[in-house]
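input_13.txt follows (compact mmCIF, C-alpha atoms):
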# COMPACT_ATOMS: atom_id res chain seq x y z
CA GLN A 1 0.00 0.00 0.00
CA LYS A 2 1.54 3.26 -1.12
CA GLU A 3 1.40 5.91 1.60
CA VAL A 4 1.86 9.59 2.21
CA GLU A 5 2.45 10.65 5.80
CA GLN A 6 2.03 14.07 7.38
CA ASN A 7 2.10 15.27 10.96
CA SER A 8 -1.49 16.20 11.75
CA GLY A 9 -0.47 19.16 13.92
CA PRO A 10 -1.65 21.67 14.77
CA LEU A 11 1.53 23.51 13.94
CA SER A 12 1.48 26.93 15.56
CA VAL A 13 3.70 29.64 14.08
CA PRO A 14 3.94 33.35 14.97
CA GLU A 15 2.90 35.85 12.34
CA GLY A 16 5.85 36.87 10.18
CA ALA A 17 7.85 33.70 10.88
CA ILE A 18 8.61 30.82 8.52
CA ALA A 19 6.22 27.87 8.60
CA SER A 20 7.76 24.55 7.61
CA LEU A 21 5.54 21.65 6.61
CA ASN A 22 6.78 18.18 5.75
CA CYS A 23 5.46 15.11 4.01
CA THR A 24 7.02 11.68 3.52
CA TYR A 25 6.06 9.22 0.81
CA SER A 26 6.66 5.52 0.36
CA ASP A 27 6.65 5.12 -3.44
CA ARG A 28 10.29 5.59 -4.43
CA GLY A 29 9.29 5.90 -8.12
CA SER A 30 7.03 8.92 -7.59
CA GLN A 31 8.06 12.00 -9.52
CA SER A 32 5.17 14.45 -9.12
CA PHE A 33 4.25 16.11 -5.84
CA PHE A 34 1.59 18.60 -4.88
CA TRP A 35 0.68 20.84 -1.98
CA TYR A 36 -2.96 21.81 -1.53
CA ARG A 37 -4.41 24.22 0.99
CA GLN A 38 -7.82 23.60 2.53
CA TYR A 39 -9.61 26.15 4.64
CA SER A 40 -12.08 24.82 7.17
CA GLY A 41 -15.31 23.77 5.46
CA LYS A 42 -13.93 24.44 1.99
CA SER A 43 -12.49 22.34 -0.81
CA PRO A 44 -8.76 21.82 -1.40
CA GLU A 45 -6.97 24.19 -3.76
CA LEU A 46 -3.58 23.72 -5.36
CA ILE A 47 -0.83 26.04 -4.17
CA MET A 48 2.33 24.35 -5.41
CA SER A 49 3.42 21.47 -7.60
CA ILE A 50 6.95 20.12 -7.80
CA TYR A 51 8.55 17.54 -9.99
CA SER A 52 11.67 15.47 -9.72
CA ASN A 53 13.79 18.08 -11.45
CA GLY A 54 14.15 20.41 -8.47
CA ASP A 55 12.77 22.88 -5.96
CA LYS A 56 10.24 25.55 -6.74
CA GLU A 57 9.51 29.02 -5.40
CA ASP A 58 6.32 31.01 -5.87
CA GLY A 59 6.03 34.22 -3.93
CA ARG A 60 6.14 33.41 -0.21
CA PHE A 61 5.93 29.67 -0.87
CA THR A 62 8.83 27.30 -1.55
CA ALA A 63 8.48 23.58 -2.19
CA GLN A 64 11.54 21.40 -1.73
CA LEU A 65 12.02 17.78 -2.73
CA ASN A 66 14.46 15.33 -1.17
CA LYS A 67 14.19 12.18 -3.26
CA ALA A 68 16.92 10.30 -1.39
CA SER A 69 15.00 10.62 1.88
CA GLN A 70 11.58 10.56 0.20
CA TYR A 71 10.14 13.72 1.66
CA VAL A 72 8.69 16.94 0.37
CA SER A 73 8.65 20.22 2.27
CA LEU A 74 6.61 23.38 1.97
CA LEU A 75 8.04 26.58 3.43
CA ILE A 76 5.84 29.62 3.93
CA ARG A 77 7.81 32.81 4.54
CA ASP A 78 6.38 35.86 6.33
CA SER A 79 3.43 33.79 7.56
CA GLN A 80 0.09 35.59 7.68
CA PRO A 81 -3.07 34.76 9.65
CA SER A 82 -4.71 34.03 6.28
CA ASP A 83 -2.27 31.14 5.87
CA SER A 84 -4.04 29.33 8.70
CA ALA A 85 -5.46 26.22 7.05
CA THR A 86 -4.86 22.52 6.61
CA TYR A 87 -2.14 21.71 4.09
CA LEU A 88 -2.49 18.49 2.14
CA CYS A 89 0.40 16.75 0.46
CA ALA A 90 -0.32 14.55 -2.56
CA VAL A 91 1.92 12.30 -4.61
CA ILE A 92 1.29 10.63 -7.94
CA SER A 93 1.75 6.88 -7.64
CA ASP A 94 4.30 5.48 -10.03
CA SER A 95 2.23 2.30 -10.44
CA ASN A 96 -1.26 3.55 -11.33
CA TYR A 97 -0.73 7.31 -11.79
CA GLN A 98 -3.41 8.17 -9.24
CA LEU A 99 -2.93 10.76 -6.53
CA ILE A 100 -2.21 9.47 -3.05
CA TRP A 101 -3.08 11.97 -0.34
CA GLY A 102 -1.72 12.64 3.08
CA ALA A 103 -4.20 13.40 5.87
CA GLY A 104 -2.97 16.98 6.14
CA THR A 105 -1.22 19.25 8.62
CA LYS A 106 -3.23 21.93 10.36
CA LEU A 107 -1.32 25.21 10.44
CA ILE A 108 -2.23 28.04 12.79
CA ILE A 109 -0.61 31.44 12.38
CA LYS A 110 -0.80 33.42 15.62
CA PRO A 111 -1.02 37.23 15.34
CA ASP B 1 -13.57 27.20 -9.24
CA ALA B 2 -13.24 25.42 -12.64
CA GLY B 3 -17.01 25.53 -13.07
CA ILE B 4 -17.77 22.59 -10.78
CA THR B 5 -20.96 22.35 -8.77
CA GLN B 6 -22.20 19.62 -6.49
CA SER B 7 -25.69 18.85 -5.31
CA PRO B 8 -26.98 18.54 -2.74
CA ARG B 9 -24.49 20.40 -0.54
CA HIS B 10 -25.82 18.77 2.61
CA LYS B 11 -27.88 15.65 3.09
CA VAL B 12 -29.06 13.59 6.04
CA THR B 13 -30.39 10.17 5.24
CA GLU B 14 -31.25 6.95 7.03
CA THR B 15 -29.35 3.69 6.92
CA GLY B 16 -30.48 1.48 4.06
CA THR B 17 -31.80 4.23 1.80
CA PRO B 18 -30.36 4.95 -1.65
CA VAL B 19 -28.58 8.26 -2.17
CA THR B 20 -27.34 9.93 -5.33
CA LEU B 21 -24.89 12.81 -5.38
CA ARG B 22 -24.44 14.88 -8.49
CA CYS B 23 -21.36 16.61 -9.88
CA HIS B 24 -21.76 19.04 -12.75
CA GLN B 25 -19.00 20.75 -14.71
CA THR B 26 -19.28 23.39 -17.40
CA GLU B 27 -15.86 23.22 -19.08
CA ASN B 28 -15.97 19.90 -20.94
CA HIS B 29 -13.23 18.19 -18.94
CA ARG B 30 -12.69 14.56 -19.79
CA TYR B 31 -11.59 13.29 -16.38
CA MET B 32 -13.86 13.47 -13.34
CA TYR B 33 -13.37 11.99 -9.88
CA TRP B 34 -15.26 11.27 -6.69
CA TYR B 35 -13.36 11.42 -3.40
CA ARG B 36 -14.40 11.10 0.21
CA GLN B 37 -12.68 12.94 3.04
CA ASP B 38 -12.74 11.74 6.62
CA PRO B 39 -10.86 12.98 9.71
CA GLY B 40 -7.46 11.34 10.00
CA HIS B 41 -7.52 10.14 6.43
CA GLY B 42 -6.33 11.69 3.25
CA LEU B 43 -8.71 12.16 0.38
CA ARG B 44 -9.64 8.70 -0.84
CA LEU B 45 -10.63 7.99 -4.41
CA ILE B 46 -13.97 6.24 -4.82
CA HIS B 47 -14.45 6.14 -8.59
CA TYR B 48 -13.29 8.10 -11.55
CA SER B 49 -14.32 8.61 -15.16
CA TYR B 50 -12.24 9.17 -18.26
CA GLY B 51 -15.12 9.81 -20.62
CA VAL B 52 -18.82 9.28 -21.20
CA LYS B 53 -19.73 5.78 -19.96
CA ASP B 54 -16.05 5.12 -19.13
CA THR B 55 -15.52 4.67 -15.42
CA ASP B 56 -13.19 2.80 -13.12
CA LYS B 57 -12.90 1.96 -9.44
CA GLY B 58 -10.76 3.73 -6.93
CA GLU B 59 -9.37 2.50 -3.65
CA VAL B 60 -12.66 2.65 -1.68
CA SER B 61 -15.30 1.73 -4.25
CA ASP B 62 -17.24 -0.88 -2.26
CA GLY B 63 -20.83 0.24 -1.67
CA TYR B 64 -20.67 2.93 -4.36
CA SER B 65 -21.55 3.05 -8.03
CA VAL B 66 -21.19 5.81 -10.60
CA SER B 67 -22.58 6.82 -13.93
CA ARG B 68 -21.60 9.30 -16.59
CA SER B 69 -24.09 9.58 -19.41
CA LYS B 70 -23.05 13.13 -20.37
CA THR B 71 -19.65 14.80 -20.30
CA GLU B 72 -20.83 17.41 -17.81
CA ASP B 73 -22.44 15.13 -15.22
CA PHE B 74 -20.91 12.49 -12.96
CA LEU B 75 -23.25 10.80 -10.51
CA LEU B 76 -22.27 8.91 -7.37
CA THR B 77 -24.83 6.48 -5.93
CA LEU B 78 -24.87 4.80 -2.56
CA GLU B 79 -27.20 1.90 -3.22
CA SER B 80 -27.95 1.29 0.46
CA ALA B 81 -26.36 3.91 2.69
CA THR B 82 -24.50 2.81 5.83
CA SER B 83 -23.22 4.86 8.76
CA SER B 84 -19.64 4.25 7.58
CA GLN B 85 -20.47 6.30 4.49
CA THR B 86 -21.01 9.43 6.56
CA SER B 87 -18.39 11.71 5.08
CA VAL B 88 -17.67 14.76 3.00
CA TYR B 89 -17.71 13.92 -0.69
CA PHE B 90 -15.74 15.94 -3.20
CA CYS B 91 -15.99 15.84 -6.94
CA ALA B 92 -12.94 16.87 -8.93
CA ILE B 93 -11.85 17.39 -12.49
CA SER B 94 -8.36 17.15 -13.90
CA SER B 95 -6.95 19.90 -16.05
CA GLY B 96 -3.29 20.10 -17.07
CA GLY B 97 -2.36 17.59 -14.38
CA THR B 98 -4.01 19.62 -11.63
CA LYS B 99 -7.08 18.52 -9.70
CA TYR B 100 -9.78 21.13 -9.18
CA PHE B 101 -12.44 20.37 -6.63
CA GLY B 102 -16.09 21.12 -6.28
CA PRO B 103 -17.45 22.64 -3.06
CA GLY B 104 -18.26 19.26 -1.49
CA THR B 105 -21.32 17.46 -0.18
CA ARG B 106 -21.62 16.70 3.51
CA LEU B 107 -23.52 13.44 3.87
CA THR B 108 -24.75 12.12 7.20
CA VAL B 109 -26.19 8.62 7.43
CA THR B 110 -28.16 8.07 10.65
Please re-express this file's structure in structure tokens.
Amino acid sequence: QKEVEQNSGPLSVPEGAIASLNCTYSDRGSQSFFWYRQYSGKSPELIMSIYSNGDKEDGRFTAQLNKASQYVSLLIRDSQPSDSATYLCAVISDSNYQLIWGAGTKLIIKP
Amino acid sequence: DAGITQSPRHKVTETGTPVTLRCHQTENHRYMYWYRQDPGHGLRLIHYSYGVKDTDKGEVSDGYSVSRSKTEDFLLTLESATSSQTSVYFCAISSGGTKYFGPGTRLTVT
């Protein structure tokens, strides 16, 4: 059974600090990775995608991939209260090309 | 929001009754998905469709069936609802490798 693991949190971070979220995956052949944000009572929305060819930065968000250790990180710089949400990590399975989802990490940004 | 709507948005039903959830999209996407989301679990794929009348099972398909008679509509049916099917159900489409989700249906089976 292919798995994606995340710490459920909550992870509490002061406003303006860097929030660091991590995700580990079991399928060594996976090459596509996604971070979704989900506000309470809402649907998930994509914030970052990263592929096996390197890290990616988009505004305050940076996604990092460590294939040797099989984990993906999401860094949020200058954290804002509006970043408070659950962050879902998803990985495309190398065997059936379906997304495998982690259960999410709840992030709380404290003013 | 990728033009995805779900109906109903909330439903309470009794054990043993049939329930149908509807997903409607307006942008002619080929791939459509049904997921359920439960506390402590990631999103779990129930069924998906890759075209009209073309569907396949996901990882948690037992107790669910689907139909897609038109490109824009993907129906999820619980033939005989059980309490274990209490969940939030999300429909999604795939566009350019990205999943876009509908607003969700909260289903409670009593």
Note to self: Using all atoms listed in the file, can you tell me which of B:Leu76, B:Leu43, B:Ile4, B:Leu21 comes closest to Tyr36 of chain A?
What the structure shows: B:Leu43
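In chain B, the set of residues within 10 Å of chain A (atoms considered: only C-alpha atoms) is Asp1, Gln37, Asp38, Pro39, Gly40, His41, Gly42, Leu43, Arg44, Leu45, Gly58, Glu59, Val88, Tyr89, Phe90, Cys91, Ala92, Gly97, Thr98, Lys99, Tyr100, Phe101, Gly102, Pro103, Gly104 and Arg106 of chain B.
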Notebook entry, point to check: atom CA of Glu57 of chain A to atom CA of Gly9 of chain A: how many Å, to one decimal?
Noted result: 23.9 Å
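Among the candidates A:Ile108, A:Ala17, A:Met48, A:Leu65, the residue lying nearest to Ser82 of chain A is A:Ile108 (atoms considered: all atoms listed in the file).
For the pair atom CA of Asp78 of chain A and atom CA of Ser20 of chain A, the separation is 11.5 Å.
Proximity to Arg30 of chain B at 8 Å, evaluated using only C-alpha atoms and with sequence-adjacent residues fewer than 3 positions away removed, yields Ser49, Tyr50, Gly51, Thr71, Ile93 and Ser94 of chain B.
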Write a file of the just-selected residues containing C-alpha atoms, as a CSV table (one decimal), in the frame of the given file.
chain,number,residue,atom,x,y,z
B,49,SER,CA,-14.3,8.6,-15.2
B,50,TYR,CA,-12.2,9.2,-18.3
B,51,GLY,CA,-15.1,9.8,-20.6
B,71,THR,CA,-19.6,14.8,-20.3
B,93,ILE,CA,-11.8,17.4,-12.5
B,94,SER,CA,-8.4,17.2,-13.9
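Of note, atom CA of Val109 of chain B and atom CA of Gln85 of chain B are spaced 6.8 Å apart.
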Next item on the list: Using all atoms listed in the file, determine which residues lie at most 10 Å from Pro111 of chain A, disregarding the query and same-chain residues fewer than 2 positions distant; provide the list as a PyMOL selection string.
Entry: chain A and resi 13-16+79-81+108-109
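With distances taken over all atoms listed in the file, A:Ser12 is the one residue among A:Ser12, A:Ser52, A:Asn22, A:Ser95 lying closest to Asp83 of chain A.
Considering the residues B:Val52, B:Ala81, B:Val12, B:Met32 and counting all atoms listed in the file, Leu107 of chain B has its shortest atom-to-atom contact with B:Val12.
Shortest separation to Glu27 of chain B among B:Ser65, B:Ser80, B:Thr5, B:Thr55 occurs at residue B:Thr5, atoms counted being all atoms listed in the file.
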Next item on the list: Would you mind listing what lies within 9 Å of Ser83 of chain B as a ChimeraX atom specification, with only C-alpha atoms counted and same-chain residues fewer than 6 positions away left out?
Entry: /B:14-15,108-110
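If you measure from each of A:Phe61, A:Leu107, A:Tyr25, A:Tyr51 to Ala85 of chain A using all atoms listed in the file, the closest one turns out to be A:Leu107.
By only C-alpha atoms, and with residues fewer than 6 positions from Arg28 of chain A along its chain excluded, the set lying at most 10 Å from it is Lys2, Lys67, Ala68, Ser69, Gln70, Ser93 and Asp94 of chain A.
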Would you mind putting N, CA and C atoms back on segment 68-100 of chain B and writing the result as a compact mmCIF listing (two decimals), keeping the file's coordinate frame?
# COMPACT_ATOMS: atom_id res chain seq x y z
N ARG B 68 -21.92 8.08 -15.85
CA ARG B 68 -21.60 9.30 -16.59
C ARG B 68 -22.19 9.15 -17.99
N SER B 69 -23.39 9.67 -18.13
CA SER B 69 -24.09 9.58 -19.41
C SER B 69 -23.87 10.82 -20.26
N LYS B 70 -23.39 11.89 -19.64
CA LYS B 70 -23.05 13.13 -20.37
C LYS B 70 -21.70 13.62 -19.85
N THR B 71 -20.96 14.30 -20.70
CA THR B 71 -19.65 14.80 -20.30
C THR B 71 -19.73 15.64 -19.04
N GLU B 72 -20.77 16.44 -18.90
CA GLU B 72 -20.83 17.41 -17.81
C GLU B 72 -21.30 16.85 -16.48
N ASP B 73 -21.88 15.65 -16.45
CA ASP B 73 -22.44 15.13 -15.22
C ASP B 73 -21.82 13.80 -14.81
N PHE B 74 -21.47 13.71 -13.53
CA PHE B 74 -20.91 12.49 -12.96
C PHE B 74 -21.67 12.21 -11.68
N LEU B 75 -22.39 11.11 -11.65
CA LEU B 75 -23.25 10.80 -10.51
C LEU B 75 -22.62 9.71 -9.65
N LEU B 76 -22.72 9.90 -8.33
CA LEU B 76 -22.27 8.91 -7.37
C LEU B 76 -23.49 8.40 -6.61
N THR B 77 -23.68 7.08 -6.61
CA THR B 77 -24.83 6.48 -5.93
C THR B 77 -24.38 5.55 -4.82
N LEU B 78 -25.00 5.74 -3.67
CA LEU B 78 -24.87 4.80 -2.56
C LEU B 78 -26.15 3.97 -2.61
N GLU B 79 -26.03 2.73 -2.99
CA GLU B 79 -27.20 1.90 -3.22
C GLU B 79 -28.01 1.69 -1.94
N SER B 80 -27.31 1.51 -0.84
CA SER B 80 -27.95 1.29 0.46
C SER B 80 -27.02 1.90 1.51
N ALA B 81 -27.30 3.14 1.87
CA ALA B 81 -26.36 3.91 2.69
C ALA B 81 -26.12 3.24 4.06
N THR B 82 -24.88 3.30 4.50
CA THR B 82 -24.50 2.81 5.83
C THR B 82 -23.84 3.94 6.62
N SER B 83 -23.79 3.79 7.93
CA SER B 83 -23.22 4.86 8.76
C SER B 83 -21.75 5.10 8.43
N SER B 84 -21.05 4.08 7.93
CA SER B 84 -19.64 4.25 7.58
C SER B 84 -19.45 5.13 6.33
N GLN B 85 -20.53 5.43 5.66
CA GLN B 85 -20.47 6.30 4.49
C GLN B 85 -20.76 7.76 4.84
N THR B 86 -20.96 8.04 6.11
CA THR B 86 -21.01 9.43 6.56
C THR B 86 -19.66 10.06 6.29
N SER B 87 -19.65 11.14 5.53
CA SER B 87 -18.39 11.71 5.08
C SER B 87 -18.66 13.01 4.33
N VAL B 88 -17.58 13.66 3.94
CA VAL B 88 -17.67 14.76 3.00
C VAL B 88 -17.20 14.24 1.64
N TYR B 89 -18.00 14.44 0.64
CA TYR B 89 -17.71 13.92 -0.69
C TYR B 89 -17.34 15.08 -1.61
N PHE B 90 -16.20 14.93 -2.25
CA PHE B 90 -15.74 15.94 -3.20
C PHE B 90 -15.68 15.35 -4.61
N CYS B 91 -16.17 16.12 -5.53
CA CYS B 91 -15.99 15.84 -6.94
C CYS B 91 -14.81 16.65 -7.43
N ALA B 92 -14.08 16.13 -8.39
CA ALA B 92 -12.94 16.87 -8.93
C ALA B 92 -12.83 16.62 -10.42
N ILE B 93 -12.22 17.58 -11.09
CA ILE B 93 -11.85 17.39 -12.49
C ILE B 93 -10.34 17.52 -12.59
N SER B 94 -9.79 17.04 -13.67
CA SER B 94 -8.36 17.15 -13.90
C SER B 94 -8.13 18.01 -15.12
N SER B 95 -7.27 19.01 -14.95
CA SER B 95 -6.95 19.90 -16.05
C SER B 95 -5.46 20.22 -16.01
N GLY B 96 -4.72 19.83 -17.04
CA GLY B 96 -3.29 20.10 -17.07
C GLY B 96 -2.55 19.44 -15.93
N GLY B 97 -3.02 18.31 -15.47
CA GLY B 97 -2.36 17.59 -14.38
C GLY B 97 -2.75 18.06 -13.00
N THR B 98 -3.58 19.08 -12.93
CA THR B 98 -4.01 19.62 -11.63
C THR B 98 -5.45 19.20 -11.36
N LYS B 99 -5.71 18.83 -10.12
CA LYS B 99 -7.08 18.52 -9.70
C LYS B 99 -7.74 19.80 -9.20
N TYR B 100 -8.96 20.03 -9.67
CA TYR B 100 -9.78 21.13 -9.18
C TYR B 100 -11.03 20.51 -8.59
